[in-house]
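**Q** Sharing final-v5.txt, compact mmCIF, C-alpha atoms:
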```txt
# COMPACT_ATOMS: atom_id res chain seq x y z
CA MET A 67 -6.45 31.23 -0.59
CA PRO A 68 -9.52 30.76 -2.78
CA GLN A 69 -11.02 27.31 -3.30
CA ARG A 70 -8.82 25.33 -5.67
CA ASN A 71 -10.37 24.28 -8.96
CA CYS A 72 -8.24 21.27 -9.86
CA THR A 73 -8.14 19.78 -13.33
CA LYS A 74 -9.81 16.42 -13.85
CA THR A 75 -7.64 15.60 -16.84
CA LYS A 76 -5.40 12.61 -16.22
CA THR A 77 -1.71 13.17 -16.85
CA LYS A 78 0.72 10.57 -18.10
CA VAL A 79 2.89 8.72 -15.63
CA THR A 80 5.97 10.68 -14.64
CA LYS A 81 9.20 10.16 -16.54
CA PRO A 82 12.09 8.34 -14.84
CA ASN A 83 13.87 10.72 -12.50
CA LYS A 84 17.39 11.74 -13.50
CA ARG A 85 18.21 13.28 -10.11
CA ILE A 86 20.07 11.23 -7.48
CA THR A 87 19.82 12.74 -4.00
CA LEU A 88 22.52 11.72 -1.53
CA PRO A 89 22.88 12.26 2.24
CA ILE A 90 25.47 14.91 3.09
CA SER A 91 25.45 18.13 5.11
CA MET A 92 25.58 21.36 3.15
CA LYS A 93 28.81 22.32 4.94
CA ASN A 94 30.59 19.16 3.80
CA TYR A 95 29.09 19.36 0.32
CA THR A 96 30.28 22.92 -0.20
CA ALA A 97 33.77 21.88 0.86
CA ILE A 98 34.11 19.19 -1.85
CA VAL A 99 31.96 20.28 -4.81
CA ASP A 100 34.79 22.30 -6.42
CA ASP A 101 37.43 19.65 -5.73
CA CYS A 102 37.10 16.95 -8.39
CA VAL A 103 39.28 14.45 -6.52
CA ALA A 104 37.48 14.88 -3.18
CA TYR A 105 34.08 14.91 -4.89
CA ARG A 106 34.78 11.66 -6.71
CA GLU A 107 36.06 9.98 -3.53
CA TRP A 108 32.84 10.96 -1.76
CA LEU A 109 30.70 9.79 -4.68
CA ASP A 110 32.49 6.42 -4.81
CA GLU A 111 31.75 5.99 -1.10
CA MET A 112 28.09 6.75 -1.71
CA ILE A 113 27.93 4.19 -4.53
CA THR A 114 29.34 1.57 -2.16
CA GLU A 115 27.13 2.48 0.82
CA HIS A 116 23.89 3.28 -1.05
CA ALA A 117 24.06 1.22 -4.23
CA GLU A 118 20.24 1.08 -4.40
CA LEU A 119 20.14 4.83 -5.18
CA PHE A 120 22.14 4.46 -8.37
CA PRO A 121 21.43 2.70 -11.68
CA LYS A 122 22.96 -0.78 -11.70
CA VAL A 123 25.18 -0.03 -14.69
CA ILE A 124 27.12 2.52 -12.67
CA THR A 125 29.39 -0.41 -11.82
CA SER A 126 30.72 -0.06 -15.38
CA GLY A 127 32.05 3.37 -14.46
CA TYR A 128 31.16 7.04 -14.83
CA THR A 129 32.74 10.39 -15.60
CA LEU A 130 32.18 13.83 -14.10
CA HIS A 131 30.06 15.43 -16.84
CA ASP A 132 29.49 19.08 -15.93
CA ASN A 133 28.04 21.28 -13.20
CA ARG A 134 25.03 23.56 -12.94
CA SER A 135 23.83 26.41 -10.79
CA SER A 136 20.68 28.54 -10.64
CA GLY A 137 19.81 32.16 -10.10
CA LYS A 138 17.44 31.00 -7.37
CA MET A 139 20.34 29.72 -5.24
CA GLU A 140 23.54 31.20 -6.61
CA ASP A 141 25.66 29.70 -3.83
CA VAL A 142 24.72 26.11 -4.73
CA ARG A 143 26.21 24.13 -7.61
CA LEU A 144 25.17 20.64 -8.62
CA ARG A 145 27.40 18.27 -10.56
CA ARG A 146 26.22 15.82 -13.21
CA ILE A 147 27.76 12.46 -14.01
CA CYS A 148 27.67 10.49 -17.25
CA LEU A 149 27.59 6.71 -17.15
CA LYS A 150 30.12 4.94 -19.36
CA GLU A 151 27.45 2.46 -20.45
CA ARG A 152 24.84 3.90 -22.82
CA ASN A 153 21.14 3.07 -22.67
CA GLU A 154 19.28 0.66 -24.95
CA ASN A 155 18.91 3.43 -27.56
CA GLY A 156 22.63 4.14 -27.63
CA LYS A 157 22.24 7.49 -25.86
CA LYS A 158 24.34 8.84 -23.01
CA GLN A 159 22.93 8.45 -19.52
CA VAL A 160 23.43 11.65 -17.53
CA PHE A 161 22.32 12.06 -13.90
CA THR A 162 22.30 15.06 -11.57
CA ILE A 163 23.87 14.45 -8.16
CA ALA A 164 22.20 16.56 -5.46
CA PRO A 165 22.84 16.92 -1.73
CA SER A 166 19.88 16.11 0.49
CA GLY A 167 19.90 19.65 1.82
CA VAL A 168 18.68 21.17 -1.47
CA MET A 169 15.10 20.85 -2.69
CA PRO A 170 14.41 19.96 -6.37
CA TYR A 171 14.46 22.85 -8.86
CA PHE A 172 16.50 24.96 -6.43
CA VAL A 173 13.35 26.11 -4.65
CA GLY A 174 15.04 26.21 -1.24
CA TYR A 175 16.98 24.40 1.42
CA THR A 176 15.41 21.30 2.94
CA ASP A 177 15.86 22.61 6.49
CA ASP A 178 14.07 25.86 5.56
CA VAL A 179 10.90 24.17 4.27
CA GLU A 180 10.70 20.99 6.38
CA LYS A 181 8.77 22.53 9.27
CA ALA A 182 6.30 24.26 6.98
CA MET A 183 5.60 21.01 5.11
CA PHE A 184 5.15 19.25 8.45
CA LEU A 185 2.44 21.75 9.41
CA ARG A 186 0.57 21.08 6.16
CA ARG A 187 -0.10 17.62 7.58
CA PHE A 188 -2.45 19.37 10.02
CA ASN A 189 -4.07 21.50 7.27
CA VAL A 190 -2.39 24.74 8.29
CA PRO A 191 -3.44 27.10 5.45
CA PHE A 192 -0.85 28.45 3.00
CA TRP A 193 -1.40 32.01 4.24
CA GLY A 194 -0.53 30.76 7.73
CA LEU A 195 2.76 29.32 6.46
CA THR A 196 3.50 32.64 4.74
CA TYR A 197 2.86 34.53 8.00
CA VAL A 198 5.22 32.29 9.98
CA PHE A 199 7.91 31.36 7.45
CA GLY A 200 7.77 34.18 4.89
CA ARG A 201 7.73 33.80 1.08
CA ASP A 202 4.17 33.89 -0.33
CA ASP A 203 1.13 31.63 -0.51
CA ASP A 204 1.86 30.42 -4.04
CA TYR A 205 5.38 29.37 -3.03
CA TRP A 206 4.06 26.97 -0.37
CA TYR A 207 1.26 25.78 -2.64
CA ARG A 208 3.76 24.83 -5.36
CA MET A 209 6.11 23.32 -2.80
CA GLU A 210 3.41 20.91 -1.63
CA ASN A 211 2.20 20.00 -5.09
CA GLN A 212 5.62 19.33 -6.59
CA PHE A 213 5.84 16.12 -4.56
CA GLY A 214 3.25 14.69 -6.96
CA CYS A 215 5.66 15.12 -9.87
CA TYR A 216 7.76 12.12 -8.89
CA SER A 217 7.24 8.43 -9.44
CA ILE A 218 6.08 6.93 -6.14
CA VAL A 219 7.42 3.49 -7.02
CA GLN A 220 10.84 4.70 -8.14
CA THR A 221 11.14 6.89 -5.06
CA ALA A 222 10.59 3.89 -2.80
CA VAL A 223 12.15 1.05 -4.81
CA LYS A 224 15.45 1.32 -6.65
CA ASP A 225 16.24 -2.37 -7.18
CA PRO A 226 13.88 -4.15 -9.65
CA GLU A 227 14.27 -7.37 -7.67
CA LYS A 228 12.84 -5.70 -4.58
CA LEU A 229 9.49 -4.82 -6.12
CA PRO A 230 6.97 -6.59 -3.85
CA LYS A 231 5.18 -9.62 -5.26
CA HIS A 232 2.34 -9.38 -2.76
CA LEU A 233 0.25 -6.21 -2.58
CA LEU A 234 -2.73 -4.65 -0.88
CA ALA A 235 -5.14 -2.35 -2.70
CA ASP A 236 -8.01 -0.23 -1.46
CA GLU A 237 -9.82 3.01 -2.24
CA LYS A 238 -10.22 5.93 0.11
CA VAL A 239 -13.02 8.45 -0.38
CA THR A 240 -12.05 12.11 -0.71
CA TRP A 241 -13.30 15.25 -2.49
CA LEU A 242 -12.21 17.05 -5.65
CA ASN A 243 -13.80 20.39 -6.57
CA GLY A 244 -16.60 19.58 -4.14
CA GLU A 245 -17.34 16.20 -5.76
CA LYS A 246 -16.76 12.79 -4.22
CA VAL A 247 -13.87 10.80 -5.72
CA VAL A 248 -11.71 7.92 -4.53
CA VAL A 249 -7.95 7.55 -4.21
CA ALA A 250 -6.83 4.15 -5.47
CA THR A 251 -4.03 3.15 -3.11
CA THR A 252 -1.47 0.38 -3.55
CA VAL A 253 0.73 -0.85 -0.70
CA GLY A 254 3.49 -3.46 -0.51
CA ASP A 255 6.20 -4.32 2.01
CA ASP A 256 4.82 -1.71 4.44
CA CYS A 257 5.29 1.04 1.86
CA VAL A 258 2.79 3.09 -0.15
CA LEU A 259 3.56 2.43 -3.81
CA GLY A 260 0.61 4.04 -5.54
CA ALA A 261 -2.04 6.70 -4.92
CA SER A 262 -4.08 7.93 -7.87
CA VAL A 263 -7.45 9.67 -8.05
CA ALA A 264 -10.35 7.85 -9.70
CA LEU A 265 -13.29 10.05 -10.64
CA ASN A 266 -15.58 7.01 -10.58
CA ALA A 267 -15.34 3.82 -8.54
CA ASP A 268 -16.31 1.64 -11.50
CA VAL A 269 -14.09 -0.81 -13.38
CA LYS A 270 -12.88 1.74 -15.93
CA GLY A 271 -12.21 4.46 -13.37
CA LEU A 272 -10.29 2.15 -11.05
CA SER A 273 -8.41 0.50 -13.92
CA ASP A 274 -7.19 3.92 -15.04
CA ALA A 275 -6.17 4.85 -11.50
CA TYR A 276 -4.31 1.62 -10.71
CA GLN A 277 -2.70 1.83 -14.17
CA HIS A 278 -0.44 4.53 -12.73
CA PHE A 279 1.05 2.02 -10.29
CA LYS A 280 1.53 -0.53 -13.06
CA ASP A 281 3.26 1.98 -15.34
CA GLU A 282 5.60 3.17 -12.61
CA ALA A 283 6.43 -0.37 -11.47
CA GLN A 284 7.18 -1.46 -15.02
CA GLN A 285 9.51 1.48 -15.43
CA VAL A 286 11.59 -0.17 -12.71
CA ASN A 287 11.07 -3.69 -14.07
CA PRO A 288 9.38 -4.00 -17.50
CA ASN A 289 8.31 -7.58 -16.70
CA TYR A 290 6.86 -6.82 -13.28
CA ALA A 291 3.62 -8.54 -12.28
CA PRO A 292 2.48 -9.20 -8.69
CA GLU A 293 1.53 -12.70 -7.55
CA THR A 294 -1.27 -11.63 -5.23
CA VAL A 295 -3.22 -8.56 -4.25
CA ASN A 296 -5.41 -8.30 -1.17
CA THR A 297 -8.63 -6.35 -1.73
CA ASP A 298 -12.03 -5.89 -0.15
CA GLY A 299 -15.13 -7.36 -1.75
CA TRP A 300 -15.74 -4.48 -4.20
CA ALA A 301 -16.06 -6.22 -7.56
CA ALA A 302 -14.82 -3.22 -9.56
CA THR A 303 -11.53 -3.23 -7.64
CA GLN A 304 -10.94 -6.89 -8.31
CA LYS A 305 -11.84 -6.62 -12.00
CA ALA A 306 -9.55 -3.60 -12.37
CA TRP A 307 -6.59 -5.58 -11.05
CA LEU A 308 -7.38 -8.54 -13.28
CA ASN A 309 -7.55 -6.18 -16.24
CA LEU A 310 -4.07 -4.89 -15.45
CA PHE A 311 -2.49 -8.16 -14.30
CA PRO A 312 -4.51 -11.13 -15.67
CA GLN A 313 -2.46 -13.68 -13.71
CA VAL A 314 -2.72 -12.00 -10.30
CA VAL A 315 -4.47 -13.92 -7.53
CA ILE A 316 -7.10 -11.92 -5.64
CA ILE A 317 -6.88 -12.48 -1.87
CA LEU A 318 -10.09 -11.43 -0.17
CA CYS A 319 -9.65 -9.20 2.87
CA PHE A 320 -11.07 -10.89 5.97
CA LEU A 321 -11.11 -7.66 7.95
CA HIS A 322 -13.78 -6.14 5.71
CA ALA A 323 -15.98 -9.19 6.26
CA TYR A 324 -15.66 -8.74 10.00
CA ILE A 325 -16.40 -5.00 9.78
CA LYS A 326 -19.70 -5.72 8.05
CA ILE A 327 -20.66 -8.16 10.82
CA ARG A 328 -19.58 -5.66 13.49
CA ASP A 329 -21.70 -2.91 11.91
CA ARG A 330 -24.75 -5.18 11.96
CA CYS A 331 -24.24 -5.71 15.70
CA ARG A 332 -24.54 -2.03 16.59
CA ASN A 333 -28.11 -2.46 17.80
CA VAL A 334 -27.24 -5.63 19.72
CA LYS A 335 -23.99 -4.63 21.39
CA ALA A 336 -24.26 -7.41 23.96
CA LEU A 337 -23.78 -9.85 21.07
CA LEU A 338 -20.76 -8.13 19.53
CA GLY A 339 -18.15 -9.62 21.86
CA GLN A 340 -19.37 -13.17 21.23
CA VAL A 341 -19.54 -12.66 17.46
CA ALA A 342 -16.07 -11.09 17.34
CA GLU A 343 -14.57 -13.99 19.28
CA GLN A 344 -16.15 -16.53 16.92
CA VAL A 345 -15.13 -14.67 13.76
CA TRP A 346 -11.50 -14.10 14.73
CA ASP A 347 -11.20 -17.70 15.82
CA VAL A 348 -11.90 -18.59 12.19
CA TYR A 349 -9.28 -16.13 10.95
CA HIS A 350 -6.53 -17.59 13.13
CA ALA A 351 -6.98 -21.11 11.77
CA PRO A 352 -3.50 -22.53 10.99
CA ASP A 353 -4.45 -24.11 7.65
CA ALA A 354 -7.21 -24.19 5.04
CA ASP A 355 -8.94 -27.34 6.32
CA ILE A 356 -9.26 -26.01 9.84
CA PHE A 357 -10.39 -22.64 8.45
CA ARG A 358 -13.23 -24.38 6.62
CA GLN A 359 -14.21 -26.32 9.73
CA LYS A 360 -14.18 -23.26 11.95
CA ALA A 361 -16.19 -21.32 9.36
CA THR A 362 -18.78 -24.11 9.41
CA ASP A 363 -18.83 -23.95 13.22
CA LEU A 364 -19.34 -20.18 12.98
CA LEU A 365 -22.31 -20.65 10.66
CA HIS A 366 -23.92 -23.20 12.99
CA TRP A 367 -23.30 -20.93 15.98
CA GLY A 368 -24.82 -18.00 14.11
CA GLN A 369 -27.91 -19.96 13.14
CA GLN A 370 -28.49 -20.84 16.79
CA ASN A 371 -27.63 -17.49 18.40
CA THR A 372 -28.31 -14.71 15.88
CA THR A 373 -31.03 -13.54 13.54
CA GLY A 374 -31.73 -10.90 10.93
CA TYR A 375 -28.90 -8.82 9.50
CA VAL A 376 -26.24 -10.34 11.78
CA LEU A 377 -27.02 -13.87 10.61
CA GLU A 378 -27.16 -12.65 7.01
CA THR A 379 -23.61 -11.25 7.17
CA ILE A 380 -22.33 -14.46 8.81
CA ARG A 381 -23.85 -16.44 5.94
CA LYS A 382 -22.18 -14.10 3.43
CA LEU A 383 -18.82 -14.67 5.11
CA TYR A 384 -19.34 -18.42 4.98
CA ALA A 385 -20.25 -18.23 1.29
CA LYS A 386 -16.79 -16.76 0.59
CA VAL A 387 -14.79 -19.46 2.37
CA ASP A 388 -13.26 -20.76 -0.87
CA ARG A 389 -11.92 -17.30 -1.63
CA PHE A 390 -10.56 -16.73 1.88
CA VAL A 391 -8.59 -19.98 1.94
CA LEU A 392 -6.64 -18.98 -1.18
CA ALA A 393 -4.37 -17.08 1.21
CA TYR A 394 -3.04 -20.38 2.58
CA ASP A 395 -1.63 -21.21 -0.86
CA TYR A 396 0.45 -18.01 -0.71
CA PRO A 397 2.09 -17.81 2.73
CA LEU A 398 3.64 -14.41 1.94
CA ALA A 399 0.36 -12.88 0.78
CA HIS A 400 -1.18 -10.19 2.97
CA ARG A 401 -3.96 -11.09 5.39
CA PRO A 402 -4.34 -7.77 7.25
CA LEU A 403 -5.84 -7.72 10.69
```
Render the structure in this file as structure tokens.
**A**
Amino acid sequence: MPQRNCTKTKTKVTKPNKRITLPISMKNYTAIVDDCVAYREWLDEMITEHAELFPKVITSGYTLHDNRSSGKMEDVRLRRICLKERNENGKKQVFTIAPSGVMPYFVGYTDDVEKAMFLRRFNVPFWGLTYVFGRDDDYWYRMENQFGCYSIVQTAVKDPEKLPKHLLADEKVTWLNGEKVVVATTVGDDCVLGASVALNADVKGLSDAYQHFKDEAQQVNPNYAPETVNTDGWAATQKAWLNLFPQVVIILCFLHAYIKIRDRCRNVKALLGQVAEQVWDVYHAPDADIFRQKATDLLHWGQQNTTGYVLETIRKLYAKVDRFVLAYDYPLAHRPL
């Protein structure tokens, strides 16, 4: 395919998804979809077993609303349900119930596209997927890009109370239309919760990018605000988070401080092992007081055993001790190794 020329225009955060996808084989789904009694029994079981997939107010009851099919997959019908409790605007709340074996928008069966999407992880070109799996290049291109249409937060978190209070944020460099950009990434509870392109790594660019995470999180819980966020030392990242969440506590990432020291030791590799041992001994301090003491010991050791750029980076680490020890006030905050 020709080189993609992607738009640089930011789009609004995705709307809340009205599709509820549930685990069931296509064989079993086909057997019950036309039987209202059997379908409702199955759906009630799903509500009990996977309550996090449904809106909380479903406990007030629901009715079978209607069913839909598509010319793309004439043998598949999806039912919709209507909640008995209306939304805050007094409107009906209607959701589509879909089996996990059917892709959104009736574009195909999950089993038929799963292997092709797996190969995209290794940058297999779209024409290669067409050669092996059929269809055409545009089909696979659209299939990959449609995943970006969904709210990352709502896909991962259904219960507002389970939104993580402690986050990590970082930017990864990539390319867009041949120009360098960064992807502002938000992680919490071992799950990626945000990934948005920033055209510039300044305060405004990163604020706009991380705004996507905020908007999606507050669609789940309008009052959501994290307690802490772990970042590297890039000032624009920290200011962006404070712009979005003024009360958030910035936890400085110790790993990035070590990486800078390690990089300065490249020309004195014999020293790296000793420096690494001293630095990580500081990190593993059990409380703030001991952390401060070990950091002081590291500085004294550095002054006696290192010079130049290595000593400079050790001094910079020591100068940030007050920011590193904030992590001890928040035991659940992230301190990534």
**Q** What gap, in Å, lies between atom CA of Ala351 of chain A and atom CA of Phe390 of chain A?
**A** 11.4 Å
**Q** Contacts of Glu227 of chain A at 10 Å or less, counting all atoms listed in the file, minus same-chain residues fewer than 4 places along, as a PyMOL selection string?
**A** chain A and resi 223+231+286-287+290
**Q** For those residues, write C-alpha atoms to a file as a PDB file, keeping the file's coordinate frame.
**A**
```pdb
ATOM      1  CA  VAL A 223      12.150   1.050  -4.810  1.00  0.00           C
ATOM      2  CA  LYS A 231       5.180  -9.620  -5.260  1.00  0.00           C
ATOM      3  CA  VAL A 286      11.590  -0.170 -12.710  1.00  0.00           C
ATOM      4  CA  ASN A 287      11.070  -3.690 -14.070  1.00  0.00           C
ATOM      5  CA  TYR A 290       6.860  -6.820 -13.280  1.00  0.00           C
TER       6      TYR A 290
END
```
**Q** What's the separation between atom CA of Ala291 of chain A and atom CA of Val314 of chain A, in Å to one decimal place?
**A**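 Spanning atom CA of Ala291 of chain A to atom CA of Val314 of chain A is a straight-line distance of 7.5 Å.
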**Q** Which one is closest to Arg208 of chain A: A:Trp307, A:Arg187, A:Lys238, A:Val173? Count only C-alpha atoms.
**A**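 Once distances to Arg208 of chain A are computed over only C-alpha atoms, the minimum belongs to A:Val173.
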**Q** Please list as a ChimeraX atom specification every residue within 12 Å of Asp141 of chain A, counting all atoms listed in the file and excluding residues in the same chain fewer than 2 positions away.
**A** /A:92-93,95-96,99,134-139,143-144,168,172,174-175
**Q** Just the residues within 12 Å of Thr162 of chain A, please, counting all atoms listed in the file, with nothing from its chain fewer than 6 positions along; format it as JSON, numbers by chain.
**A** {"A": [83, 84, 85, 86, 87, 88, 120, 130, 131, 132, 133, 134, 135, 143, 144, 145, 146, 147, 148, 149, 170, 171]}
**Q** Go ahead and save the picked residues with C-alpha atoms, as a tab-separated table (two decimals), in the coordinates of the input.
**A**
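Final file, selection.tsv:
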```tsv
chain	number	residue	atom	x	y	z
A	83	ASN	CA	13.87	10.72	-12.50
A	84	LYS	CA	17.39	11.74	-13.50
A	85	ARG	CA	18.21	13.28	-10.11
A	86	ILE	CA	20.07	11.23	-7.48
A	87	THR	CA	19.82	12.74	-4.00
A	88	LEU	CA	22.52	11.72	-1.53
A	120	PHE	CA	22.14	4.46	-8.37
A	130	LEU	CA	32.18	13.83	-14.10
A	131	HIS	CA	30.06	15.43	-16.84
A	132	ASP	CA	29.49	19.08	-15.93
A	133	ASN	CA	28.04	21.28	-13.20
A	134	ARG	CA	25.03	23.56	-12.94
A	135	SER	CA	23.83	26.41	-10.79
A	143	ARG	CA	26.21	24.13	-7.61
A	144	LEU	CA	25.17	20.64	-8.62
A	145	ARG	CA	27.40	18.27	-10.56
A	146	ARG	CA	26.22	15.82	-13.21
A	147	ILE	CA	27.76	12.46	-14.01
A	148	CYS	CA	27.67	10.49	-17.25
A	149	LEU	CA	27.59	6.71	-17.15
A	170	PRO	CA	14.41	19.96	-6.37
A	171	TYR	CA	14.46	22.85	-8.86
```
**Q** At what distance in Å, to one decimal, does atom CA of Ala342 of chain A lie from atom CA of Val376 of chain A?
**A**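 About the pair atom CA of Val376 of chain A and atom CA of Ala342 of chain A: they are 11.6 Å apart.
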**Q** Counting all atoms listed in the file, which residues have an atom no more than 12 Å from (-9.8, -13.3, 14.3) in the file's coordinates? Please list them as a list in words.
**A**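 Looking at atoms near the point gives Phe320, Leu321, His322, Ala323, Tyr324, Ile325, Gly339, Gln340, Val341, Ala342, Glu343, Gln344, Val345, Trp346, Asp347, Val348, Tyr349, His350, Ala351, Pro352, Phe357, Lys360, Ala361, Leu364, Arg401, Pro402 and Leu403 of chain A.
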**Q** Complete segment 133-151 of chain A at the level of N, CA, C and O atoms, written as a PDB file, in the coordinates of the input.
**A**
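And here's selection23.pdb as it stands now:
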```pdb
ATOM      1  N   ASN A 133      28.685  20.800 -14.410  1.00  0.00           N
ATOM      2  CA  ASN A 133      28.040  21.280 -13.200  1.00  0.00           C
ATOM      3  C   ASN A 133      27.072  22.396 -13.559  1.00  0.00           C
ATOM      4  O   ASN A 133      27.203  23.036 -14.605  1.00  0.00           O
ATOM      5  N   ARG A 134      26.086  22.583 -12.676  1.00  0.00           N
ATOM      6  CA  ARG A 134      25.030  23.560 -12.940  1.00  0.00           C
ATOM      7  C   ARG A 134      24.733  24.356 -11.673  1.00  0.00           C
ATOM      8  O   ARG A 134      24.893  23.864 -10.556  1.00  0.00           O
ATOM      9  N   SER A 135      24.280  25.586 -11.899  1.00  0.00           N
ATOM     10  CA  SER A 135      23.830  26.410 -10.790  1.00  0.00           C
ATOM     11  C   SER A 135      22.532  27.099 -11.230  1.00  0.00           C
ATOM     12  O   SER A 135      22.068  26.924 -12.360  1.00  0.00           O
ATOM     13  N   SER A 136      21.948  27.884 -10.333  1.00  0.00           N
ATOM     14  CA  SER A 136      20.680  28.540 -10.640  1.00  0.00           C
ATOM     15  C   SER A 136      20.656  29.917 -10.004  1.00  0.00           C
ATOM     16  O   SER A 136      21.241  30.131  -8.931  1.00  0.00           O
ATOM     17  N   GLY A 137      19.971  30.826 -10.674  1.00  0.00           N
ATOM     18  CA  GLY A 137      19.810  32.160 -10.100  1.00  0.00           C
ATOM     19  C   GLY A 137      19.018  32.150  -8.822  1.00  0.00           C
ATOM     20  O   GLY A 137      19.094  33.073  -8.015  1.00  0.00           O
ATOM     21  N   LYS A 138      18.226  31.092  -8.590  1.00  0.00           N
ATOM     22  CA  LYS A 138      17.440  31.000  -7.370  1.00  0.00           C
ATOM     23  C   LYS A 138      18.332  30.799  -6.148  1.00  0.00           C
ATOM     24  O   LYS A 138      18.034  31.281  -5.057  1.00  0.00           O
ATOM     25  N   MET A 139      19.411  30.014  -6.327  1.00  0.00           N
ATOM     26  CA  MET A 139      20.340  29.720  -5.240  1.00  0.00           C
ATOM     27  C   MET A 139      21.759  29.789  -5.812  1.00  0.00           C
ATOM     28  O   MET A 139      22.359  28.767  -6.142  1.00  0.00           O
ATOM     29  N   GLU A 140      22.272  30.997  -5.927  1.00  0.00           N
ATOM     30  CA  GLU A 140      23.540  31.200  -6.610  1.00  0.00           C
ATOM     31  C   GLU A 140      24.722  30.563  -5.889  1.00  0.00           C
ATOM     32  O   GLU A 140      25.769  30.306  -6.497  1.00  0.00           O
ATOM     33  N   ASP A 141      24.558  30.277  -4.591  1.00  0.00           N
ATOM     34  CA  ASP A 141      25.660  29.700  -3.830  1.00  0.00           C
ATOM     35  C   ASP A 141      25.681  28.174  -3.878  1.00  0.00           C
ATOM     36  O   ASP A 141      26.508  27.539  -3.227  1.00  0.00           O
ATOM     37  N   VAL A 142      24.778  27.571  -4.644  1.00  0.00           N
ATOM     38  CA  VAL A 142      24.720  26.110  -4.730  1.00  0.00           C
ATOM     39  C   VAL A 142      25.006  25.668  -6.163  1.00  0.00           C
ATOM     40  O   VAL A 142      24.406  26.174  -7.109  1.00  0.00           O
ATOM     41  N   ARG A 143      25.928  24.725  -6.303  1.00  0.00           N
ATOM     42  CA  ARG A 143      26.210  24.130  -7.610  1.00  0.00           C
ATOM     43  C   ARG A 143      26.004  22.632  -7.522  1.00  0.00           C
ATOM     44  O   ARG A 143      26.407  22.001  -6.546  1.00  0.00           O
ATOM     45  N   LEU A 144      25.380  22.078  -8.544  1.00  0.00           N
ATOM     46  CA  LEU A 144      25.170  20.640  -8.620  1.00  0.00           C
ATOM     47  C   LEU A 144      25.996  20.061  -9.761  1.00  0.00           C
ATOM     48  O   LEU A 144      26.037  20.635 -10.849  1.00  0.00           O
ATOM     49  N   ARG A 145      26.633  18.947  -9.514  1.00  0.00           N
ATOM     50  CA  ARG A 145      27.400  18.270 -10.560  1.00  0.00           C
ATOM     51  C   ARG A 145      26.543  17.205 -11.228  1.00  0.00           C
ATOM     52  O   ARG A 145      25.623  16.648 -10.611  1.00  0.00           O
ATOM     53  N   ARG A 146      26.864  16.915 -12.488  1.00  0.00           N
ATOM     54  CA  ARG A 146      26.220  15.820 -13.210  1.00  0.00           C
ATOM     55  C   ARG A 146      27.282  14.795 -13.575  1.00  0.00           C
ATOM     56  O   ARG A 146      28.437  15.136 -13.841  1.00  0.00           O
ATOM     57  N   ILE A 147      26.861  13.536 -13.597  1.00  0.00           N
ATOM     58  CA  ILE A 147      27.760  12.460 -14.010  1.00  0.00           C
ATOM     59  C   ILE A 147      27.197  11.789 -15.262  1.00  0.00           C
ATOM     60  O   ILE A 147      25.977  11.811 -15.497  1.00  0.00           O
ATOM     61  N   CYS A 148      28.068  11.216 -16.046  1.00  0.00           N
ATOM     62  CA  CYS A 148      27.670  10.490 -17.250  1.00  0.00           C
ATOM     63  C   CYS A 148      28.145   9.056 -17.133  1.00  0.00           C
ATOM     64  O   CYS A 148      29.338   8.805 -16.904  1.00  0.00           O
ATOM     65  N   LEU A 149      27.223   8.118 -17.236  1.00  0.00           N
ATOM     66  CA  LEU A 149      27.590   6.710 -17.150  1.00  0.00           C
ATOM     67  C   LEU A 149      28.357   6.300 -18.400  1.00  0.00           C
ATOM     68  O   LEU A 149      28.071   6.753 -19.508  1.00  0.00           O
ATOM     69  N   LYS A 150      29.336   5.400 -18.217  1.00  0.00           N
ATOM     70  CA  LYS A 150      30.120   4.940 -19.360  1.00  0.00           C
ATOM     71  C   LYS A 150      29.303   4.013 -20.250  1.00  0.00           C
ATOM     72  O   LYS A 150      29.572   3.887 -21.443  1.00  0.00           O
ATOM     73  N   GLU A 151      28.293   3.356 -19.659  1.00  0.00           N
ATOM     74  CA  GLU A 151      27.450   2.460 -20.450  1.00  0.00           C
ATOM     75  C   GLU A 151      26.223   3.233 -20.955  1.00  0.00           C
ATOM     76  O   GLU A 151      25.504   3.855 -20.176  1.00  0.00           O
TER      77      GLU A 151
END
```
